[in-house]
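A.B. asks: What follows is the file start.cif, containing mmCIF, C-alpha atoms:
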data_my_file
#
loop_
_atom_site.label_atom_id
_atom_site.label_comp_id
_atom_site.auth_asym_id
_atom_site.auth_seq_id
_atom_site.Cartn_x
_atom_site.Cartn_y
_atom_site.Cartn_z
CA MET A 660 -20.66 44.06 86.43
CA LEU A 661 -21.26 40.38 87.18
CA LEU A 662 -20.60 39.54 83.56
CA LEU A 663 -17.52 41.74 83.29
CA ASN A 664 -16.14 40.30 86.51
CA ALA A 665 -16.70 36.77 85.17
CA LEU A 666 -14.42 37.31 82.17
CA ASP A 667 -10.81 36.17 82.29
CA ASP A 668 -8.00 38.62 81.56
CA THR A 669 -7.84 37.78 77.86
CA GLN A 670 -11.58 38.13 77.39
CA ARG A 671 -11.67 41.32 79.40
CA ALA A 672 -8.91 42.85 77.28
CA GLN A 673 -11.02 42.23 74.18
CA ALA A 674 -14.32 43.31 75.69
CA VAL A 675 -13.13 46.57 77.26
CA LEU A 676 -12.67 49.15 74.53
CA SER A 677 -9.66 51.43 74.77
CA PHE A 678 -11.66 54.52 73.88
CA ARG A 679 -14.47 56.56 75.38
CA VAL A 680 -17.97 56.00 74.02
CA ALA A 681 -19.74 59.20 74.94
CA ASP A 682 -23.27 58.40 73.80
CA LEU A 683 -25.55 55.98 71.99
CA VAL A 684 -24.21 55.05 68.58
CA LEU A 685 -27.42 53.61 67.12
CA GLY A 686 -30.09 55.66 68.83
CA PRO A 687 -33.18 57.27 67.24
CA GLY A 688 -33.00 57.87 63.53
CA LYS A 689 -30.40 55.19 62.97
CA ASP A 690 -32.77 52.40 61.97
CA GLY A 691 -31.62 50.32 59.05
CA ARG A 692 -27.97 50.81 60.00
CA THR A 693 -25.61 48.19 61.36
CA ILE A 694 -22.19 49.18 62.61
CA GLN A 695 -19.16 46.95 62.42
CA PRO A 696 -19.25 44.92 65.64
CA GLU A 697 -16.35 44.97 68.08
CA GLY A 698 -15.35 43.90 71.56
CA LEU A 699 -15.52 40.28 72.70
CA ARG A 700 -17.18 37.71 70.52
CA VAL A 701 -19.59 35.70 72.65
CA SER A 702 -18.51 32.44 71.00
CA THR A 703 -15.39 32.66 73.18
CA MET A 704 -17.44 32.73 76.40
CA ASN A 705 -18.10 29.66 78.51
CA ALA A 706 -21.60 28.51 79.45
CA LYS A 707 -21.71 30.45 82.71
CA GLN A 708 -20.59 33.67 81.01
CA LYS A 709 -23.17 33.18 78.26
CA ALA A 710 -25.86 32.69 80.91
CA LEU A 711 -24.84 35.96 82.56
CA LEU A 712 -25.02 37.71 79.20
CA MET A 713 -28.49 36.29 78.59
CA ASP A 714 -29.51 37.67 81.99
CA VAL A 715 -28.48 41.12 80.80
CA ILE A 716 -30.27 40.68 77.49
CA ALA A 717 -33.38 39.53 79.31
CA GLU A 718 -33.57 42.89 81.07
CA TRP A 719 -34.67 44.27 77.72
CA ALA A 720 -35.97 41.32 75.71
CA GLY A 721 -37.84 39.88 78.66
CA ILE A 722 -40.08 42.82 79.52
CA VAL A 723 -43.02 41.61 77.47
CA HIS A 724 -45.66 38.92 77.83
CA GLN A 725 -43.93 35.74 79.02
CA ARG A 726 -44.73 33.68 75.90
CA ALA A 727 -43.34 36.42 73.65
CA ALA A 728 -40.34 36.82 75.92
CA ASN A 729 -39.57 33.10 75.81
CA ALA A 730 -39.70 33.07 72.02
CA ARG A 731 -37.58 36.17 71.71
CA LEU A 732 -34.97 34.98 74.20
CA ALA A 733 -34.77 31.63 72.42
CA GLU A 734 -33.97 33.49 69.19
CA LEU A 735 -31.24 35.49 70.85
CA GLN A 736 -29.84 32.42 72.60
CA ALA A 737 -29.50 30.75 69.20
CA ASP A 738 -27.59 33.80 67.92
CA LEU A 739 -25.16 33.99 70.83
CA ASP A 740 -22.09 32.77 68.96
CA GLN A 741 -22.54 35.61 66.46
CA THR A 742 -23.06 38.19 69.18
CA TRP A 743 -20.51 40.68 70.50
CA PHE A 744 -20.11 42.35 73.90
CA ALA A 745 -18.25 45.62 74.31
CA TRP A 746 -17.63 47.83 77.35
CA SER A 747 -16.20 51.32 77.70
CA GLY A 748 -15.44 53.15 80.92
CA PRO A 749 -14.91 52.25 84.58
CA THR A 750 -14.47 48.55 85.29
CA ASN A 751 -14.47 48.77 89.07
CA GLY A 752 -18.15 49.23 89.75
CA VAL A 753 -19.85 47.57 92.68
CA VAL A 754 -22.28 44.79 91.85
CA GLY A 755 -25.80 45.92 92.64
CA THR A 756 -25.17 49.64 92.07
CA ASN A 757 -25.58 51.79 88.96
CA ILE A 758 -22.57 51.59 86.67
CA ALA A 759 -20.96 54.61 85.06
CA ALA A 760 -19.74 52.68 82.01
CA TYR A 761 -21.09 52.23 78.51
CA TYR A 762 -21.77 48.78 77.13
CA ARG A 763 -23.09 47.33 73.90
CA ILE A 764 -24.47 43.92 73.01
CA GLN A 765 -24.68 43.41 69.26
CA GLY A 766 -25.96 40.33 67.47
CA PRO A 767 -27.75 39.52 64.21
CA ARG A 768 -31.14 40.24 65.79
CA VAL A 769 -30.34 42.46 68.73
CA ILE A 770 -28.54 45.66 69.51
CA ILE A 771 -28.52 46.92 73.09
CA GLU A 772 -26.70 50.01 74.23
CA TYR A 773 -26.40 51.34 77.77
CA SER A 774 -24.97 54.85 77.90
CA PRO A 775 -24.56 56.99 81.04
CA GLN A 776 -25.02 60.65 80.17
CA GLN A 777 -22.89 63.68 81.05
CA MET A 778 -25.60 65.89 82.56
CA GLY A 779 -23.63 67.27 85.46
CA GLY A 780 -23.53 65.27 88.67
CA ASP A 781 -23.27 61.50 88.84
CA VAL A 782 -23.39 60.05 85.32
CA ALA A 783 -24.64 56.77 86.75
CA ASN A 784 -27.91 58.49 87.61
CA HIS A 785 -28.77 59.46 84.05
CA ILE A 786 -28.83 56.63 81.57
CA HIS A 787 -29.87 56.46 77.95
CA ALA A 788 -30.46 52.89 76.84
CA MET A 789 -31.53 51.42 73.55
CA TYR A 790 -32.82 48.05 72.43
CA ARG A 791 -33.37 47.16 68.77
CA ASP A 792 -33.93 44.22 66.53
CA PRO A 793 -32.13 45.39 63.37
CA THR A 794 -34.11 42.86 61.31
CA ASN A 795 -37.37 44.35 62.57
CA ASP A 796 -36.81 48.03 63.26
CA TYR A 797 -40.00 49.73 64.42
CA GLY A 798 -41.86 46.47 64.01
CA ARG A 799 -41.74 46.56 60.23
CA LYS A 800 -41.53 42.78 59.90
CA PRO A 801 -45.09 41.42 59.79
CA ALA A 802 -46.02 39.33 62.81
CA LYS A 803 -46.78 35.71 61.99
CA LEU A 804 -50.49 34.96 62.35
CA MET B 935 -48.85 32.46 65.50
CA THR B 936 -51.10 31.55 68.39
CA GLY B 937 -51.77 33.70 71.39
CA ARG B 938 -54.01 36.52 72.48
CA PRO B 939 -54.14 39.59 70.21
CA GLY B 940 -52.72 41.65 73.02
CA ALA B 941 -49.72 39.37 73.24
CA ARG B 942 -49.15 39.67 69.47
CA ARG B 943 -49.18 43.46 69.67
CA VAL B 944 -46.82 43.42 72.60
CA ARG B 945 -44.52 41.02 70.74
CA THR B 946 -44.43 43.28 67.70
CA LEU B 947 -43.65 46.25 69.90
CA GLY B 948 -41.11 44.26 71.82
CA MET B 949 -39.30 43.23 68.67
CA GLY B 950 -39.34 46.68 67.16
CA ALA B 951 -36.95 49.47 67.84
CA MET B 952 -37.35 50.82 71.33
CA LEU B 953 -35.65 53.72 73.02
CA VAL B 954 -35.89 53.66 76.78
CA VAL B 955 -34.56 56.54 78.80
CA LEU B 956 -34.04 55.60 82.41
CA CYS B 957 -33.28 58.65 84.45
CA ALA B 958 -34.55 60.75 87.27
CA THR B 959 -34.91 63.84 85.09
CA PRO B 960 -37.42 64.53 82.32
CA THR B 961 -36.95 62.48 79.16
CA SER B 962 -36.25 65.63 77.14
CA ALA B 963 -32.96 66.11 79.02
CA HIS B 964 -29.84 65.59 76.93
CA ARG B 965 -26.12 66.13 76.92
CA VAL B 966 -25.35 69.49 78.47
CA ASP B 967 -21.79 70.71 78.23
CA GLU B 968 -20.39 68.93 75.21
CA TYR B 969 -20.73 69.17 71.45
CA LEU B 970 -21.39 65.59 70.37
CA GLN B 971 -20.00 64.81 66.91
CA ALA B 972 -20.84 61.36 65.58
CA THR B 973 -19.03 60.21 62.43
CA THR B 974 -20.29 57.23 60.44
CA ILE B 975 -18.30 55.89 57.51
CA GLU B 976 -19.88 53.82 54.77
CA LEU B 977 -17.40 51.98 52.53
CA TRP B 978 -17.99 51.26 48.86
CA ASN B 979 -15.66 49.82 46.26
CA ASP B 980 -14.85 53.13 44.60
CA HIS B 981 -15.81 55.70 47.20
CA LEU B 982 -16.74 56.23 50.78
CA ARG B 983 -19.48 58.24 52.42
CA LEU B 984 -18.75 60.10 55.63
CA GLU B 985 -21.71 61.33 57.65
CA LEU B 986 -21.45 63.68 60.57
CA GLN B 987 -24.21 64.23 63.10
CA LEU B 988 -23.42 67.27 65.25
CA THR B 989 -25.42 67.89 68.44
CA PRO B 990 -24.39 70.81 70.64
CA GLY B 991 -25.37 70.43 74.28
CA ILE B 992 -27.47 73.19 75.77
CA ALA B 993 -24.54 74.70 77.68
CA VAL B 994 -22.37 75.03 74.55
CA ALA B 995 -25.08 75.69 71.98
CA THR B 996 -24.63 79.47 72.01
CA ARG B 997 -20.90 79.14 71.35
CA VAL B 998 -21.56 76.80 68.46
CA LEU B 999 -24.34 79.00 67.08
CA ASP B 1000 -22.02 81.99 67.09
CA SER B 1001 -20.03 80.27 64.35
CA ILE B 1002 -23.14 79.28 62.37
CA ASP B 1003 -25.53 82.23 62.60
CA VAL B 1004 -22.73 84.69 61.96
CA ASN B 1005 -24.99 87.70 61.41
CA HIS B 1006 -26.93 86.83 64.58
CA ASP B 1007 -30.33 87.36 63.03
CA GLY B 1008 -31.81 84.28 64.68
CA THR B 1009 -32.02 82.25 61.49
CA ILE B 1010 -29.54 80.08 59.59
CA SER B 1011 -29.48 81.07 55.93
CA PRO B 1012 -28.46 78.67 53.14
CA GLU B 1013 -25.21 80.61 52.82
CA GLU B 1014 -24.51 80.25 56.53
CA GLU B 1015 -25.24 76.52 56.27
CA LEU B 1016 -22.70 76.11 53.47
CA ALA B 1017 -20.17 78.23 55.30
CA TYR B 1018 -20.45 76.17 58.45
CA ALA B 1019 -20.30 72.92 56.50
CA ALA B 1020 -17.06 74.20 54.96
CA LEU B 1021 -15.76 75.01 58.43
CA VAL B 1022 -16.49 71.48 59.62
CA GLN B 1023 -15.00 70.03 56.44
CA ARG B 1024 -11.81 71.99 56.99
CA ASP B 1025 -11.41 70.28 60.37
CA GLN B 1026 -11.71 66.80 58.87
CA SER B 1027 -8.66 64.92 57.68
CA LEU B 1028 -8.96 61.77 55.62
CA THR B 1029 -6.14 59.61 54.28
CA TRP B 1030 -6.33 56.38 52.34
CA ASN B 1031 -3.20 54.24 52.40
CA GLY B 1032 -1.34 57.39 53.43
CA GLU B 1033 -2.71 59.50 50.56
CA PRO B 1034 -4.95 62.46 51.45
CA LEU B 1035 -8.52 62.22 50.22
CA ALA B 1036 -10.64 65.17 49.14
CA LEU B 1037 -14.09 65.43 50.64
CA THR B 1038 -17.07 66.69 48.66
CA LEU B 1039 -20.15 67.91 50.50
CA LEU B 1040 -23.18 65.91 49.39
CA SER B 1041 -25.89 67.25 51.68
CA SER B 1042 -26.55 69.25 54.79
CA ALA B 1043 -29.52 69.66 57.10
CA PHE B 1044 -29.75 72.24 59.87
CA PRO B 1045 -32.40 72.52 62.56
CA SER B 1046 -33.66 75.93 63.61
CA VAL B 1047 -31.70 78.21 65.90
CA ALA B 1048 -34.31 77.65 68.62
CA GLU B 1049 -33.95 73.88 68.40
CA LEU B 1050 -30.17 74.08 68.52
CA ARG B 1051 -30.30 76.36 71.58
CA GLN B 1052 -32.31 73.70 73.42
CA GLY B 1053 -29.50 71.21 72.97
CA GLN B 1054 -31.71 68.56 71.45
CA ALA B 1055 -31.25 68.97 67.71
CA ALA B 1056 -28.57 67.72 65.36
CA ILE B 1057 -26.89 69.15 62.28
CA GLN B 1058 -26.47 66.47 59.59
CA LEU B 1059 -23.65 66.66 57.07
CA ALA B 1060 -22.76 64.08 54.43
CA PHE B 1061 -19.54 63.98 52.42
CA ARG B 1062 -18.12 61.77 49.72
CA ALA B 1063 -14.53 60.82 48.96
CA ASP B 1064 -13.47 58.79 45.93
CA VAL B 1065 -10.98 55.93 46.23
CA SER B 1066 -9.31 53.75 43.61
CA HIS B 1067 -10.00 50.13 42.86
CA ARG B 1068 -7.22 48.18 44.51
CA ASN B 1069 -6.86 44.61 45.65
CA GLY B 1070 -5.86 43.68 49.16
CA GLN B 1071 -5.60 45.52 52.45
CA GLN B 1072 -6.59 49.19 52.64
CA ARG B 1073 -6.10 51.61 55.50
CA LEU B 1074 -8.33 54.61 56.04
CA VAL B 1075 -7.61 57.19 58.72
CA ALA B 1076 -10.23 59.79 59.58
CA ALA B 1077 -9.50 62.60 62.03
CA ASN B 1078 -11.98 65.15 63.35
CA THR B 1079 -10.66 68.14 65.26
CA HIS B 1080 -13.69 70.41 64.96
CA ARG B 1081 -14.27 72.45 68.17
CA ARG B 1082 -12.05 70.00 70.02
CA ALA B 1083 -12.13 71.86 73.34
CA ILE B 1084 -15.86 71.37 73.83
CA SER B 1085 -16.50 68.18 71.88
CA ALA B 1086 -17.16 64.51 72.43
CA TYR B 1087 -16.65 62.31 69.42
CA LEU B 1088 -18.00 59.02 68.13
CA ALA B 1089 -16.57 57.26 65.07
CA ASN B 1090 -17.88 54.07 63.52
CA ALA B 1091 -18.17 52.24 60.23
CA LEU B 1092 -21.21 50.51 58.86
CA VAL B 1093 -20.93 46.88 57.83
CA PRO B 1094 -20.18 47.23 54.09
CA ALA B 1095 -23.11 46.43 51.84
CA ASP B 1096 -20.60 45.60 49.09
CA THR B 1097 -19.49 42.02 49.76
CA ARG B 1098 -16.14 42.70 48.09
CA LEU B 1099 -15.21 44.69 51.19
CA ARG B 1100 -14.47 43.25 54.63
CA ILE B 1101 -13.47 45.31 57.66
CA THR B 1102 -10.66 43.62 59.59
CA ALA B 1103 -9.70 46.19 62.25
CA GLN B 1104 -10.86 49.41 63.88
CA LEU B 1105 -8.54 51.57 65.96
CA ARG B 1106 -9.31 54.83 67.74
CA ASP B 1107 -7.64 57.26 70.10
CA TYR B 1108 -9.29 57.61 73.51
CA GLU B 1109 -11.48 60.55 72.45
CA GLN B 1110 -12.43 58.93 69.11
CA SER B 1111 -11.06 62.01 67.40
CA VAL B 1112 -8.87 59.77 65.24
CA TYR B 1113 -10.35 56.66 63.67
CA GLU B 1114 -8.38 54.10 61.68
CA LEU B 1115 -10.20 51.54 59.60
CA VAL B 1116 -8.43 48.57 58.03
CA TYR B 1117 -10.28 46.56 55.43
CA GLU B 1118 -9.79 44.02 52.66
CA GLN B 1119 -10.86 44.97 49.18
CA GLN B 1120 -11.38 42.58 46.32
CA SER B 1121 -10.98 44.56 43.13
CA ALA B 1122 -13.80 44.90 40.64
CA ARG B 1123 -11.61 43.28 37.98
CA ALA B 1124 -10.96 40.18 40.08
CA PHE B 1125 -14.64 39.95 40.95
CA THR B 1126 -15.64 40.40 37.31
CA MET B 1127 -13.16 37.74 36.17
CA LEU B 1128 -14.52 35.28 38.67
CA ALA B 1129 -18.07 36.01 37.59
CA GLY B 1130 -16.99 35.61 33.96
CA ILE B 1131 -15.46 32.21 34.60
CA VAL B 1132 -18.60 31.01 36.35
CA LEU B 1133 -20.71 32.30 33.48
CA LEU B 1134 -18.46 30.58 30.93
CA ILE B 1135 -18.76 27.27 32.74
CA PHE B 1136 -22.52 27.49 32.80
CA SER B 1137 -22.73 28.67 29.20
CA VAL B 1138 -20.82 25.58 28.05
CA ALA B 1139 -22.13 23.07 30.55
CA GLY B 1140 -25.72 24.17 30.11
CA PRO B 1141 -26.08 23.47 26.39
CA ALA B 1142 -23.93 20.35 26.70
CA TRP B 1143 -26.26 18.96 29.33
CA TYR B 1144 -29.27 19.86 27.21
CA VAL B 1145 -27.84 18.09 24.17
CA ALA B 1146 -26.89 15.07 26.26
CA THR B 1147 -30.40 14.72 27.65
CA LYS B 1148 -31.89 15.03 24.16
CA VAL B 1149 -29.58 12.30 22.82
CA ARG B 1150 -30.49 9.96 25.67
CA ARG B 1151 -34.22 10.46 25.03
CA ALA B 1152 -33.72 9.88 21.29
CA GLU B 1153 -31.78 6.61 21.73
CA PRO B 1154 -34.79 4.34 22.51
CA PHE B 1155 -36.67 5.77 19.46
CA GLN B 1156 -33.67 5.26 17.16
CA SER B 1157 -33.27 1.69 18.42
CA ALA B 1158 -36.91 1.06 17.64
CA LEU B 1159 -36.47 2.43 14.08
CA LEU B 1160 -33.42 0.19 13.47
CA ARG B 1161 -35.36 -2.89 14.61
CA ASP B 1162 -38.19 -2.05 12.21
#
In structure tokens, how does this file's structure come out?
C.D. replies:
Amino acid sequence: MLLLNALDDTQRAQAVLSFRVADLVLGPGKDGRTIQPEGLRVSTMNAKQKALLMDVIAEWAGIVHQRAANARLAELQADLDQTWFAWSGPTNGVVGTNIAAYYRIQGPRVIIEYSPQQMGGDVANHIHAMYRDPTNDYGRKPAKL
Amino acid sequence: MTGRPGARRVRTLGMGAMLVVLCATPTSAHRVDEYLQATTIELWNDHLRLELQLTPGIAVATRVLDSIDVNHDGTISPEEELAYAALVQRDQSLTWNGEPLALTLLSSAFPSVAELRQGQAAIQLAFRADVSHRNGQQRLVAANTHRRAISAYLANALVPADTRLRITAQLRDYEQSVYELVYEQQSARAFTMLAGIVLLIFSVAGPAWYVATKVRRAEPFQSALLRD
């Protein structure tokens, strides 16, 4: 929400998709596939907005050993201008609470999806999320020794 | 790469595909009361591939199965698979620059009845539609109205592997039941002509350069002969 709230009206209009995204698009079994990106291109964000986006990305890319996390985040920082941010659903969430909206962050080396699930009850309490490096799905790229 | 072996393993895992389910209920829990239908379109210069992944939620699975396992024997026969694929195909509408496109079923894969009843398995259907070579902007409209009352739809296109194609716009209705794809197509003829011109230039320039270098190397020898 912090990131969405930091966008100006023009950026928000591009980022917020006009249609409902009901579930993960690139979940299990979709390795090797890259969908046409959409939403707001990160190259149009200012430095503060980019920092907020990196905070979100770090929630996934940062949950490894610190040295690995630093290297990975540096890669994704370098890719920011070719990264896209898209949002679908409620835009009036309260910062610090679970959101009931879908969002996607898609770059050359990262795809993140956050998708609340219709399970009955509060959708914000049942989330499916996905984090991929499309250039290294399932760790196929050999690690440098 | 330096670092402890453990760190390397973690890095490889961290950079691989990862599915994390964050919820208060068991990780096997999935969509309940909707029939999720995910369409993926793959564009090529002379055809397109349309893939449908159909996942009935547990609360609607019986209703969906009633139209698949029509003899209710608890199994899905090859004939029932083809019949259901035809049913789904009938509810797809595809136009290209306003002209209707015919879909041809390429493949189908059905999980077992038991798996479908649990709401965790997907039916996979793949279709093909042929399109003409044509330069310039193309407009594809795909509509899916299969089991609309109980369905949630997704519609997306893959980034074209063919570099002659470039997607310029994607438009959808709110439910993603209708998906419009606008893309630029460079015709095969134009691409072939360009490749031919490049080849011609190299086929002339290459030998010319070779001859020129040979002449330059020969000149000092010839000068020496003339002096003698």
A.B. asks: Extract, using all atoms listed in the file, all DNA, RNA and protein residues at most 10 Å from Gly752 (chain A), discarding same-chain residues fewer than 4 positions from it, and format them as a VMD selection string.
C.D. replies: chain A and resid 660 to 661 663 to 664 756 to 760
A.B. asks: What residues come out when you apply the PyMOL selection byres ((chain A and resi 684-697) around 8) to this file, written as an MDAnalysis selection string?
C.D. replies: (chainID A and resid 682:683 698:700 743:745 765 772 789 793 796) or (chainID B and resid 951 953 972 1088 1090:1093 1101)
A.B. asks: Export, as a short mmCIF file (atom, residue, chain, number, x, y, z; two decimals), keeping the file's coordinate frame, the selected residues with C-alpha atoms.
C.D. replies:
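Result written to out.cif:
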data_model
loop_
_atom_site.label_atom_id
_atom_site.label_comp_id
_atom_site.auth_asym_id
_atom_site.auth_seq_id
_atom_site.Cartn_x
_atom_site.Cartn_y
_atom_site.Cartn_z
CA ASP A 682 -23.27 58.40 73.80
CA LEU A 683 -25.55 55.98 71.99
CA GLY A 698 -15.35 43.90 71.56
CA LEU A 699 -15.52 40.28 72.70
CA ARG A 700 -17.18 37.71 70.52
CA TRP A 743 -20.51 40.68 70.50
CA PHE A 744 -20.11 42.35 73.90
CA ALA A 745 -18.25 45.62 74.31
CA GLN A 765 -24.68 43.41 69.26
CA GLU A 772 -26.70 50.01 74.23
CA MET A 789 -31.53 51.42 73.55
CA PRO A 793 -32.13 45.39 63.37
CA ASP A 796 -36.81 48.03 63.26
CA ALA B 951 -36.95 49.47 67.84
CA LEU B 953 -35.65 53.72 73.02
CA ALA B 972 -20.84 61.36 65.58
CA LEU B 1088 -18.00 59.02 68.13
CA ASN B 1090 -17.88 54.07 63.52
CA ALA B 1091 -18.17 52.24 60.23
CA LEU B 1092 -21.21 50.51 58.86
CA VAL B 1093 -20.93 46.88 57.83
CA ILE B 1101 -13.47 45.31 57.66
#
A.B. asks: Apply the PyMOL selection byres ((chain A and resi 742) around 6) to the structure shown and report the selected residues as a list in words.
C.D. replies: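 On this input, the PyMOL selection byres ((chain A and resi 742) around 6) captures Val701, Leu739, Asp740, Gln741, Trp743, Gln765 and Gly766 of chain A.
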A.B. asks: Kindly provide, as a VMD selection string, the residues of chain A having any atom no farther than 6 Å from an atom of chain B, counting only C-alpha atoms.
C.D. replies: chain A and resid 678 to 679 693 to 695 727 777 to 778 785 to 792 795 to 798 803 to 804
A.B. asks: I would like the residues chosen by the PyMOL selection byres ((chain A and resi 706) around 12) on the shown file; could you give them as a short mmCIF file (atom, residue, chain, number, x, y, z; two decimals) with C-alpha atoms, keeping the file's coordinate frame?
C.D. replies:
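Here's the written file selection26.cif:
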data_model
loop_
_atom_site.label_atom_id
_atom_site.label_comp_id
_atom_site.auth_asym_id
_atom_site.auth_seq_id
_atom_site.Cartn_x
_atom_site.Cartn_y
_atom_site.Cartn_z
CA LEU A 662 -20.60 39.54 83.56
CA ALA A 665 -16.70 36.77 85.17
CA LEU A 666 -14.42 37.31 82.17
CA VAL A 701 -19.59 35.70 72.65
CA SER A 702 -18.51 32.44 71.00
CA THR A 703 -15.39 32.66 73.18
CA MET A 704 -17.44 32.73 76.40
CA ASN A 705 -18.10 29.66 78.51
CA LYS A 707 -21.71 30.45 82.71
CA GLN A 708 -20.59 33.67 81.01
CA LYS A 709 -23.17 33.18 78.26
CA ALA A 710 -25.86 32.69 80.91
CA LEU A 711 -24.84 35.96 82.56
CA LEU A 712 -25.02 37.71 79.20
CA MET A 713 -28.49 36.29 78.59
CA GLN A 736 -29.84 32.42 72.60
CA LEU A 739 -25.16 33.99 70.83
CA ASP A 740 -22.09 32.77 68.96
#
